[in-house]
Amino acid sequence: MKRKILFLEQQSWLSGAQRVLESVLDATAEQFEPIVAFPDEGPFSRKLAERNIQTLTYPLGFYQTGRKSRAEMLEFGGRTLLSAFKLMRVIQRQDVGLVYINGPRCMPAGVLAARLMGRPALFHLHLTLVRKPEIMLVASLGRFVSTIVSCSRAAAAGIIRTNRGLARKTHVLYNPIVNSAGSAVDSARPQRPASDSSVVTLGVVGRITKPKGQRVLLNALGRLDPKNKAKVRVIFVGAPSPDNSADSTYDQRLKECVTQFGLKTRVEWIGYQKDVAPFYRAMDVLVQPSLSNSGESMPLAVLEALQHGVPVIASWTGGIPEVIRHGSNGLLVPPGDEVALARTLDRFLQDASLRERLRARAQLSFDDRFSPENFKTSIHGLIWKLCTTTQMENPKAIREESAA
C-alpha cells in the first residue's frame with residue numbers, strides 16, 4: 001500500500017508555486033498517494049481532480065496580498081485553528097505519513113496539525129519573505145518542521161538570518177522548468193519568427209499585480225528617447241488574480257497609463273496563457289521589473305526566458321541575481337527605479353550588438369540546476385527519507401544544495 005502525503009495549498013488557481021507542486025506530484029506518484037487540500041475550489045484543484053488526485057477543502061479562507069489589518073490577523077488566527085483541527089482528522093482517518101506545506105499562509109495550520117498528530121512536515125518556500133512579521137513567523141515555525149525546501153538562496157537566507165538553526169534542515173532546489181504540456185522545453189535555441197527588424201519586442205510575463213512592477217516599466221517607457229520609443233513593442237502575458245480587487249484596479253490603471261503615455265498602438269495585453277512558449281519566441285527581451293517588496297525568489301518567467309534564449313532585464317532583487325549576470329545574459333537595475341530602467345532600455349534598444357551578445361549568452365547560462373529530472377530526483381529523495389525508516393536505495397545521487 002502506498003504511503004499517503006497530505007499536501008497543503010494556500011490558493012486554488014495556477015501560478016508558479018502550483019506549477020512546481022505539479023512536478024512534486026509527478027515525482028512521487030509511483031510510490032506515494034497524494035491528498036491535496038485547498039482553501040477553496042478553483043482551476044488548480046479542478047485540474048488535479050481530473051487527474052484522479054484526491055482533493056479536499058479546509059477553512060483557511062482567502063486574504064488579499066499585502067499588509068493585514070488587526071481584524072484580518074485575528075480572523076486568520078481563528079481560521080488557522082479550525083484548519084488545523086480539520087487537517088488532524090484527515091491525517092488520522094487517512095493514515096497520512098507526511099504533511100507537505102506548499103506556502104507560508106498554510107504553514108501555521110500545517111505545522112500545528114503535524115505536531116499534534118506526530119507526523120513529519122516539509123515546508124516549501126517559494127518566495128523571499130520581506131515583511132518582518134512573516135519572517136519571524138516562518139523562522140519560528142521552521143523549528144518544528146523536519147525539512148525546508150527553498151527555491152533560491154535568497155529566500156533561504158531571509159529566514160536563516162533570523163534563526164541560524166534552520167540552515168541544517170534547509171535545502172535549495174531551484175524550480176524545474178517544463179512547458180505547459182508538462183514536458184521539458186526543447187533545449188535547442190528556438191528561431192524567432194520573421195518580423196520587422198526595426199521593431200524590438202519587450203515581453204512581460206506573470207500576474208498583473210502591483211509588486212510585479214508593471215507600472216514602473218510603463219513609466220520608464222514614457223521616459224524613453226523618442227527614437228527608441230518609436231521602435232518598441234510590448235506584450236503583457238498574464239492577468240490579475242481571480243477575485244482580487246486590488247489586482248483588477250491595478251490592471252485598469254495600467255491600461256489608462258498606456259493611453260496617457262501614447263503607447264496604445266505599441267502595447268498588447270495578451271492575458272493569461274496556458275502555453276507561453278510562442279510568446280517567448282517572439283521576444284527580444286523579457287522585462288521583470290519587480291519591486292523590492294515583491295517577494296521574488298526565483299521567477300519562473302526569468303528561467304523560461306533563458307531556456308528559450310531570451311535575455312532578461314530585471315530588478316536586482318530576491319533570487320534573480322543568482323541566475324542573471326549583469327552584462328552577460330541580461331541587465332539588472334535597482335528595483336522601483338524607473339529612471340534607471342529607462343536608461344537601460346534606451347541602451348538595449350539602440351545597441352543591436354548588445355542585444356545579440358546578451359541573446360547569445362542567455363541560453364548558455366541555463367544549466368541542470370533547473371532540470372525537471374534533477375528536481376524530481378532530489379524532492380523524491382527528501383520525501384522518501386521523511387516517510388521511511390530505511391535508507392533509500394537509489395542509484396542516482398540526490399542533488400541538493402545546502403543553503404548553509
# chains A, B, ... in the order shown; residues from 1 in each chain; ligands from 1
call {"tool": "residues_around", "arguments": {"residues": "Thr201 of chain A", "least_positions_apart": "2", "cutoff": "7 Å", "atoms": "only C-alpha atoms", "output": "list in words"}}
result
Val199, Gly203, Val232, Arg233, Val234, Met283, Asp284 and Val285 of chain A
call {"tool": "select_by_dssp", "arguments": {"residues": "segment 40-169 of chain A", "states": "alpha helix (DSSP H)", "output": "ChimeraX atom specification"}}
result
/A:43-50,70-94,107-117,132-141,153-160
call {"tool": "closest_atom_pairs", "arguments": {"of": "segment 272-379 of chain A", "to": "segment 6-28 of chain A", "cutoff": "12 Å", "atoms": "only C-alpha atoms", "output": "JSON lines"}}
result
{"residue": "A:Tyr272", "atom": "CA", "partner": "A:Leu14", "partner_atom": "CA", "distance": 10.3}
{"residue": "A:Gln273", "atom": "CA", "partner": "A:Leu14", "partner_atom": "CA", "distance": 11.0}
{"residue": "A:Lys274", "atom": "CA", "partner": "A:Leu14", "partner_atom": "CA", "distance": 9.7}
{"residue": "A:Glu296", "atom": "CA", "partner": "A:Gly16", "partner_atom": "CA", "distance": 11.0}
{"residue": "A:Ser297", "atom": "CA", "partner": "A:Gly16", "partner_atom": "CA", "distance": 10.8}
{"residue": "A:Met298", "atom": "CA", "partner": "A:Gly16", "partner_atom": "CA", "distance": 9.4}
{"residue": "A:Pro299", "atom": "CA", "partner": "A:Gly16", "partner_atom": "CA", "distance": 7.6}
{"residue": "A:Leu300", "atom": "CA", "partner": "A:Gly16", "partner_atom": "CA", "distance": 6.4}
{"residue": "A:Ala301", "atom": "CA", "partner": "A:Gly16", "partner_atom": "CA", "distance": 8.9}
{"residue": "A:Val302", "atom": "CA", "partner": "A:Gly16", "partner_atom": "CA", "distance": 11.5}
{"residue": "A:Leu303", "atom": "CA", "partner": "A:Gly16", "partner_atom": "CA", "distance": 11.5}
{"residue": "A:Glu304", "atom": "CA", "partner": "A:Gly16", "partner_atom": "CA", "distance": 11.5}
{"residue": "A:Phe370", "atom": "CA", "partner": "A:Val20", "partner_atom": "CA", "distance": 11.3}
{"residue": "A:Ser371", "atom": "CA", "partner": "A:Ser23", "partner_atom": "CA", "distance": 11.1}
{"residue": "A:Pro372", "atom": "CA", "partner": "A:Ser23", "partner_atom": "CA", "distance": 7.6}
{"residue": "A:Glu373", "atom": "CA", "partner": "A:Ala27", "partner_atom": "CA", "distance": 8.8}
{"residue": "A:Asn374", "atom": "CA", "partner": "A:Ala27", "partner_atom": "CA", "distance": 10.3}
{"residue": "A:Phe375", "atom": "CA", "partner": "A:Ser23", "partner_atom": "CA", "distance": 8.1}
{"residue": "A:Lys376", "atom": "CA", "partner": "A:Ala27", "partner_atom": "CA", "distance": 4.9}
{"residue": "A:Thr377", "atom": "CA", "partner": "A:Ala27", "partner_atom": "CA", "distance": 7.2}
{"residue": "A:Ser378", "atom": "CA", "partner": "A:Ala27", "partner_atom": "CA", "distance": 9.2}
{"residue": "A:Ile379", "atom": "CA", "partner": "A:Val24", "partner_atom": "CA", "distance": 6.8}
call {"tool": "closest_atom_pairs", "arguments": {"of": "segment 113-138 of chain A", "to": "segment 153-170 of chain A", "cutoff": "9 Å", "atoms": "only C-alpha atoms", "output": "tab-separated table"}}
result
residue	atom	partner	partner_atom	distance
A:Leu125	CA	A:Ala155	CA	7.3
A:His126	CA	A:Ala155	CA	7.6
A:Leu127	CA	A:Ala155	CA	6.0
A:Thr128	CA	A:Ala155	CA	4.2
A:Leu129	CA	A:Gly158	CA	6.7
A:Val130	CA	A:Gly158	CA	8.0
A:Ile135	CA	A:Ile159	CA	6.0
A:Met136	CA	A:Thr162	CA	7.1
A:Val138	CA	A:Ile159	CA	7.1
call {"tool": "write_last_selection", "arguments": {"atoms": "all heavy atoms", "output": "tab-separated table (two decimals), in the first residue's frame"}}
result
chain	number	residue	atom	x	y	z
A	125	LEU	N	9.34	26.72	0.49
A	125	LEU	CA	9.35	28.19	0.45
A	125	LEU	C	9.56	28.64	-0.98
A	125	LEU	O	10.62	28.41	-1.57
A	125	LEU	CB	10.46	28.73	1.36
A	125	LEU	CG	10.60	30.24	1.46
A	125	LEU	CD1	9.33	30.89	1.99
A	125	LEU	CD2	11.79	30.60	2.36
A	126	HIS	N	8.56	29.33	-1.54
A	126	HIS	CA	8.60	29.74	-2.94
A	126	HIS	C	8.85	31.23	-3.12
A	126	HIS	O	8.86	31.71	-4.26
A	126	HIS	CB	7.27	29.40	-3.63
A	126	HIS	CG	6.99	27.94	-3.71
A	126	HIS	ND1	7.53	27.13	-4.68
A	126	HIS	CD2	6.23	27.13	-2.93
A	126	HIS	CE1	7.10	25.89	-4.50
A	126	HIS	NE2	6.32	25.87	-3.45
A	127	LEU	N	9.02	31.99	-2.06
A	127	LEU	CA	9.20	33.43	-2.19
A	127	LEU	C	10.18	33.93	-1.15
A	127	LEU	O	10.46	33.25	-0.15
A	127	LEU	CB	7.87	34.16	-2.05
A	127	LEU	CG	7.24	34.25	-0.65
A	127	LEU	CD1	6.18	35.34	-0.63
A	127	LEU	CD2	6.63	32.93	-0.24
A	128	THR	N	10.71	35.11	-1.40
A	128	THR	CA	11.58	35.77	-0.43
A	128	THR	C	10.70	36.60	0.48
A	128	THR	O	10.08	37.57	0.03
A	128	THR	CB	12.62	36.66	-1.14
A	128	THR	OG1	13.37	35.86	-2.05
A	128	THR	CG2	13.56	37.29	-0.14
A	129	LEU	N	10.64	36.25	1.74
A	129	LEU	CA	9.80	36.98	2.68
A	129	LEU	C	10.40	38.36	2.94
A	129	LEU	O	11.61	38.48	3.17
A	129	LEU	CB	9.67	36.19	3.99
A	129	LEU	CG	9.03	34.81	3.84
A	129	LEU	CD1	9.13	34.03	5.16
A	129	LEU	CD2	7.58	34.91	3.40
A	130	VAL	N	9.57	39.39	2.94
A	130	VAL	CA	10.08	40.76	3.09
A	130	VAL	C	9.50	41.47	4.31
A	130	VAL	O	10.12	42.42	4.81
A	130	VAL	CB	9.79	41.59	1.82
A	130	VAL	CG1	10.60	41.06	0.65
A	130	VAL	CG2	8.31	41.60	1.47
A	135	ILE	N	8.54	36.94	8.33
A	135	ILE	CA	9.84	36.31	8.51
A	135	ILE	C	9.94	35.66	9.90
A	135	ILE	O	10.38	34.52	10.05
A	135	ILE	CB	10.97	37.33	8.32
A	135	ILE	CG1	10.97	37.87	6.88
A	135	ILE	CG2	12.33	36.71	8.65
A	135	ILE	CD1	11.92	39.02	6.66
A	136	MET	N	9.50	36.41	10.92
A	136	MET	CA	9.56	35.90	12.29
A	136	MET	C	8.68	34.66	12.45
A	136	MET	O	9.07	33.68	13.09
A	136	MET	CB	9.13	36.98	13.27
A	136	MET	CG	10.06	38.18	13.32
A	136	MET	SD	11.70	37.75	13.95
A	136	MET	CE	11.30	37.31	15.64
A	138	VAL	N	7.62	32.46	10.08
A	138	VAL	CA	8.16	31.29	9.37
A	138	VAL	C	9.43	30.78	10.05
A	138	VAL	O	9.63	29.56	10.18
A	138	VAL	CB	8.42	31.65	7.89
A	138	VAL	CG1	9.20	30.53	7.20
A	138	VAL	CG2	7.10	31.90	7.18
call {"tool": "residues_around", "arguments": {"residues": "Ile148 of chain A", "least_positions_apart": "2", "cutoff": "8 Å", "atoms": "only C-alpha atoms", "output": "PDB file with N, CA, C and O atoms, in the first residue's frame"}}
result
ATOM      1  N   LEU A 122       7.165  18.902   5.881  1.00  0.00           N
ATOM      2  CA  LEU A 122       8.114  19.524   4.955  1.00  0.00           C
ATOM      3  C   LEU A 122       7.514  20.853   4.509  1.00  0.00           C
ATOM      4  O   LEU A 122       6.352  20.904   4.096  1.00  0.00           O
ATOM      5  N   PHE A 123       8.289  21.919   4.594  1.00  0.00           N
ATOM      6  CA  PHE A 123       7.827  23.245   4.189  1.00  0.00           C
ATOM      7  C   PHE A 123       8.566  23.672   2.928  1.00  0.00           C
ATOM      8  O   PHE A 123       9.789  23.650   2.875  1.00  0.00           O
ATOM      9  N   HIS A 124       7.807  24.048   1.884  1.00  0.00           N
ATOM     10  CA  HIS A 124       8.387  24.504   0.622  1.00  0.00           C
ATOM     11  C   HIS A 124       8.218  26.015   0.521  1.00  0.00           C
ATOM     12  O   HIS A 124       7.102  26.519   0.463  1.00  0.00           O
ATOM     13  N   LEU A 125       9.343  26.723   0.489  1.00  0.00           N
ATOM     14  CA  LEU A 125       9.347  28.191   0.450  1.00  0.00           C
ATOM     15  C   LEU A 125       9.555  28.644  -0.985  1.00  0.00           C
ATOM     16  O   LEU A 125      10.617  28.411  -1.574  1.00  0.00           O
ATOM     17  N   GLY A 142       9.618  27.186  11.604  1.00  0.00           N
ATOM     18  CA  GLY A 142      10.588  26.321  10.943  1.00  0.00           C
ATOM     19  C   GLY A 142      11.274  25.352  11.887  1.00  0.00           C
ATOM     20  O   GLY A 142      11.755  24.292  11.468  1.00  0.00           O
ATOM     21  N   VAL A 145       9.421  21.865  11.731  1.00  0.00           N
ATOM     22  CA  VAL A 145       9.325  21.041  10.529  1.00  0.00           C
ATOM     23  C   VAL A 145      10.610  20.251  10.379  1.00  0.00           C
ATOM     24  O   VAL A 145      11.668  20.645  10.875  1.00  0.00           O
ATOM     25  N   SER A 146      10.525  19.139   9.686  1.00  0.00           N
ATOM     26  CA  SER A 146      11.695  18.274   9.524  1.00  0.00           C
ATOM     27  C   SER A 146      12.632  18.772   8.443  1.00  0.00           C
ATOM     28  O   SER A 146      13.853  18.647   8.559  1.00  0.00           O
ATOM     29  N   SER A 150      13.822  25.417  -0.253  1.00  0.00           N
ATOM     30  CA  SER A 150      13.749  26.801  -0.729  1.00  0.00           C
ATOM     31  C   SER A 150      14.123  26.848  -2.201  1.00  0.00           C
ATOM     32  O   SER A 150      15.030  26.141  -2.639  1.00  0.00           O
ATOM     33  N   LYS A 169      18.607  22.169   8.188  1.00  0.00           N
ATOM     34  CA  LYS A 169      17.495  21.422   7.598  1.00  0.00           C
ATOM     35  C   LYS A 169      16.996  22.040   6.294  1.00  0.00           C
ATOM     36  O   LYS A 169      16.000  21.574   5.740  1.00  0.00           O
ATOM     37  N   THR A 170      17.674  23.067   5.795  1.00  0.00           N
ATOM     38  CA  THR A 170      17.219  23.775   4.602  1.00  0.00           C
ATOM     39  C   THR A 170      18.012  23.351   3.375  1.00  0.00           C
ATOM     40  O   THR A 170      19.238  23.275   3.407  1.00  0.00           O
ATOM     41  N   HIS A 171      17.295  23.081   2.290  1.00  0.00           N
ATOM     42  CA  HIS A 171      17.902  22.664   1.028  1.00  0.00           C
ATOM     43  C   HIS A 171      17.404  23.591  -0.082  1.00  0.00           C
ATOM     44  O   HIS A 171      16.214  23.908  -0.149  1.00  0.00           O
TER      45      HIS A 171
END
call {"tool": "closest_residue", "arguments": {"among": "A:Arg51, A:Lys255, A:Arg357, A:Arg369", "to": "Ile208 of chain A", "atoms": "only C-alpha atoms"}}
result
A:Lys255
call {"tool": "atom_distance", "arguments": {"atom1": "atom CA of Arg115 of chain A", "atom2": "atom CA of Val36 of chain A"}}
result
18.7 Å
call {"tool": "select_by_dssp", "arguments": {"residues": "segment 193-366 of chain A", "states": "strand (DSSP E)", "output": "tab-separated table (two decimals) with N, CA, C and O atoms, in the first residue's frame"}}
result
chain	number	residue	atom	x	y	z
A	200	VAL	N	11.65	46.25	-31.79
A	200	VAL	CA	12.23	45.46	-30.70
A	200	VAL	C	11.11	45.13	-29.72
A	200	VAL	O	10.45	46.03	-29.20
A	201	THR	N	10.90	43.84	-29.49
A	201	THR	CA	9.77	43.39	-28.67
A	201	THR	C	10.21	43.13	-27.24
A	201	THR	O	11.10	42.31	-26.99
A	202	LEU	N	9.57	43.83	-26.32
A	202	LEU	CA	9.77	43.60	-24.89
A	202	LEU	C	8.61	42.75	-24.39
A	202	LEU	O	7.45	43.04	-24.69
A	203	GLY	N	8.92	41.72	-23.63
A	203	GLY	CA	7.88	40.87	-23.09
A	203	GLY	C	7.82	40.94	-21.58
A	203	GLY	O	8.86	41.08	-20.91
A	204	VAL	N	6.61	40.90	-21.03
A	204	VAL	CA	6.40	40.84	-19.58
A	204	VAL	C	5.47	39.66	-19.33
A	204	VAL	O	4.37	39.61	-19.89
A	205	VAL	N	5.90	38.73	-18.49
A	205	VAL	CA	5.12	37.52	-18.24
A	205	VAL	C	4.86	37.39	-16.74
A	205	VAL	O	5.79	37.47	-15.93
A	232	VAL	N	9.75	50.42	-30.19
A	232	VAL	CA	9.46	49.44	-29.17
A	232	VAL	C	8.06	48.84	-29.34
A	232	VAL	O	7.12	49.51	-29.79
A	233	ARG	N	7.93	47.58	-28.99
A	233	ARG	CA	6.65	46.87	-28.92
A	233	ARG	C	6.66	46.10	-27.61
A	233	ARG	O	7.66	45.49	-27.24
A	234	VAL	N	5.55	46.12	-26.88
A	234	VAL	CA	5.48	45.47	-25.56
A	234	VAL	C	4.31	44.50	-25.54
A	234	VAL	O	3.20	44.85	-25.95
A	235	ILE	N	4.57	43.28	-25.08
A	235	ILE	CA	3.48	42.32	-24.91
A	235	ILE	C	3.42	41.91	-23.43
A	235	ILE	O	4.41	41.50	-22.84
A	236	PHE	N	2.24	42.07	-22.84
A	236	PHE	CA	1.99	41.66	-21.46
A	236	PHE	C	1.24	40.33	-21.48
A	236	PHE	O	0.10	40.27	-21.96
A	237	VAL	N	1.88	39.29	-20.97
A	237	VAL	CA	1.26	37.97	-20.91
A	237	VAL	C	0.95	37.67	-19.45
A	237	VAL	O	1.85	37.45	-18.65
A	267	VAL	N	1.44	48.56	-27.30
A	267	VAL	CA	1.28	47.62	-26.18
A	267	VAL	C	0.15	46.65	-26.47
A	267	VAL	O	-0.93	47.05	-26.90
A	268	GLU	N	0.41	45.38	-26.25
A	268	GLU	CA	-0.61	44.33	-26.42
A	268	GLU	C	-0.82	43.63	-25.08
A	268	GLU	O	0.13	43.25	-24.40
A	269	TRP	N	-2.10	43.45	-24.72
A	269	TRP	CA	-2.46	42.74	-23.50
A	269	TRP	C	-2.94	41.34	-23.90
A	269	TRP	O	-4.04	41.17	-24.39
A	285	VAL	N	13.55	40.53	-25.55
A	285	VAL	CA	13.99	40.56	-24.16
A	285	VAL	C	12.77	40.40	-23.25
A	285	VAL	O	11.67	40.83	-23.59
A	286	LEU	N	12.98	39.73	-22.13
A	286	LEU	CA	11.96	39.69	-21.07
A	286	LEU	C	12.29	40.78	-20.07
A	286	LEU	O	13.44	40.92	-19.65
A	287	VAL	N	11.29	41.55	-19.68
A	287	VAL	CA	11.49	42.58	-18.65
A	287	VAL	C	10.76	42.12	-17.38
A	287	VAL	O	9.57	41.82	-17.42
A	288	GLN	N	11.49	42.07	-16.28
A	288	GLN	CA	10.94	41.64	-14.98
A	288	GLN	C	11.18	42.77	-13.98
A	288	GLN	O	12.13	42.76	-13.21
A	312	VAL	N	17.31	38.87	-20.31
A	312	VAL	CA	16.38	39.41	-19.30
A	312	VAL	C	16.89	40.75	-18.79
A	312	VAL	O	18.06	40.90	-18.46
A	313	ILE	N	15.99	41.73	-18.72
A	313	ILE	CA	16.23	42.97	-17.99
A	313	ILE	C	15.37	42.90	-16.75
A	313	ILE	O	14.14	42.80	-16.84
A	314	ALA	N	15.99	42.91	-15.57
A	314	ALA	CA	15.24	42.63	-14.34
A	314	ALA	C	15.73	43.48	-13.19
A	314	ALA	O	16.83	44.04	-13.21
A	315	SER	N	14.89	43.54	-12.16
A	315	SER	CA	15.26	44.20	-10.92
A	315	SER	C	16.28	43.36	-10.16
A	315	SER	O	16.21	42.13	-10.15
A	330	GLY	N	21.92	39.20	-19.31
A	330	GLY	CA	20.87	40.18	-19.06
A	330	GLY	C	21.42	41.43	-18.43
A	330	GLY	O	22.64	41.61	-18.30
A	331	LEU	N	20.52	42.30	-18.01
A	331	LEU	CA	20.89	43.56	-17.38
A	331	LEU	C	20.05	43.73	-16.12
A	331	LEU	O	18.85	43.43	-16.12
A	332	LEU	N	20.68	44.20	-15.03
A	332	LEU	CA	19.99	44.36	-13.76
A	332	LEU	C	19.88	45.83	-13.40
A	332	LEU	O	20.81	46.62	-13.66
A	333	VAL	N	18.75	46.21	-12.81
A	333	VAL	CA	18.51	47.59	-12.41
A	333	VAL	C	17.98	47.61	-10.99
A	333	VAL	O	17.40	46.62	-10.52
call {"tool": "decode", "arguments": {"residues": "segment 40-51 of chain A", "atoms": "N, CA and C atoms", "output": "mmCIF file, in the first residue's frame"}}
result
data_model
loop_
_atom_site.group_PDB
_atom_site.id
_atom_site.type_symbol
_atom_site.label_atom_id
_atom_site.label_comp_id
_atom_site.auth_asym_id
_atom_site.auth_seq_id
_atom_site.Cartn_x
_atom_site.Cartn_y
_atom_site.Cartn_z
ATOM 1 N N ASP A 40 -10.224 26.650 -1.102
ATOM 2 C CA ASP A 40 -11.479 26.703 -1.849
ATOM 3 C C ASP A 40 -11.280 25.954 -3.158
ATOM 4 N N GLU A 41 -12.308 25.893 -3.970
ATOM 5 C CA GLU A 41 -12.196 25.234 -5.263
ATOM 6 C C GLU A 41 -11.802 26.252 -6.333
ATOM 7 N N GLY A 42 -11.036 25.806 -7.313
ATOM 8 C CA GLY A 42 -10.595 26.691 -8.377
ATOM 9 C C GLY A 42 -9.960 25.906 -9.505
ATOM 10 N N PRO A 43 -9.338 26.585 -10.468
ATOM 11 C CA PRO A 43 -8.776 25.901 -11.643
ATOM 12 C C PRO A 43 -7.751 24.827 -11.302
ATOM 13 N N PHE A 44 -6.884 25.099 -10.313
ATOM 14 C CA PHE A 44 -5.843 24.121 -9.988
ATOM 15 C C PHE A 44 -6.435 22.900 -9.299
ATOM 16 N N SER A 45 -7.351 23.114 -8.363
ATOM 17 C CA SER A 45 -7.966 21.963 -7.689
ATOM 18 C C SER A 45 -8.759 21.113 -8.680
ATOM 19 N N ARG A 46 -9.441 21.764 -9.612
ATOM 20 C CA ARG A 46 -10.197 21.001 -10.616
ATOM 21 C C ARG A 46 -9.267 20.233 -11.540
ATOM 22 N N LYS A 47 -8.134 20.844 -11.879
ATOM 23 C CA LYS A 47 -7.171 20.165 -12.745
ATOM 24 C C LYS A 47 -6.647 18.885 -12.085
ATOM 25 N N LEU A 48 -6.351 18.952 -10.787
ATOM 26 C CA LEU A 48 -5.859 17.768 -10.086
ATOM 27 C C LEU A 48 -6.955 16.715 -9.951
ATOM 28 N N ALA A 49 -8.174 17.181 -9.710
ATOM 29 C CA ALA A 49 -9.288 16.231 -9.609
ATOM 30 C C ALA A 49 -9.479 15.467 -10.919
ATOM 31 N N GLU A 50 -9.262 16.152 -12.051
ATOM 32 C CA GLU A 50 -9.371 15.497 -13.355
ATOM 33 C C GLU A 50 -8.296 14.436 -13.546
ATOM 34 N N ARG A 51 -7.190 14.578 -12.814
ATOM 35 C CA ARG A 51 -6.114 13.578 -12.849
ATOM 36 C C ARG A 51 -6.358 12.463 -11.832
#
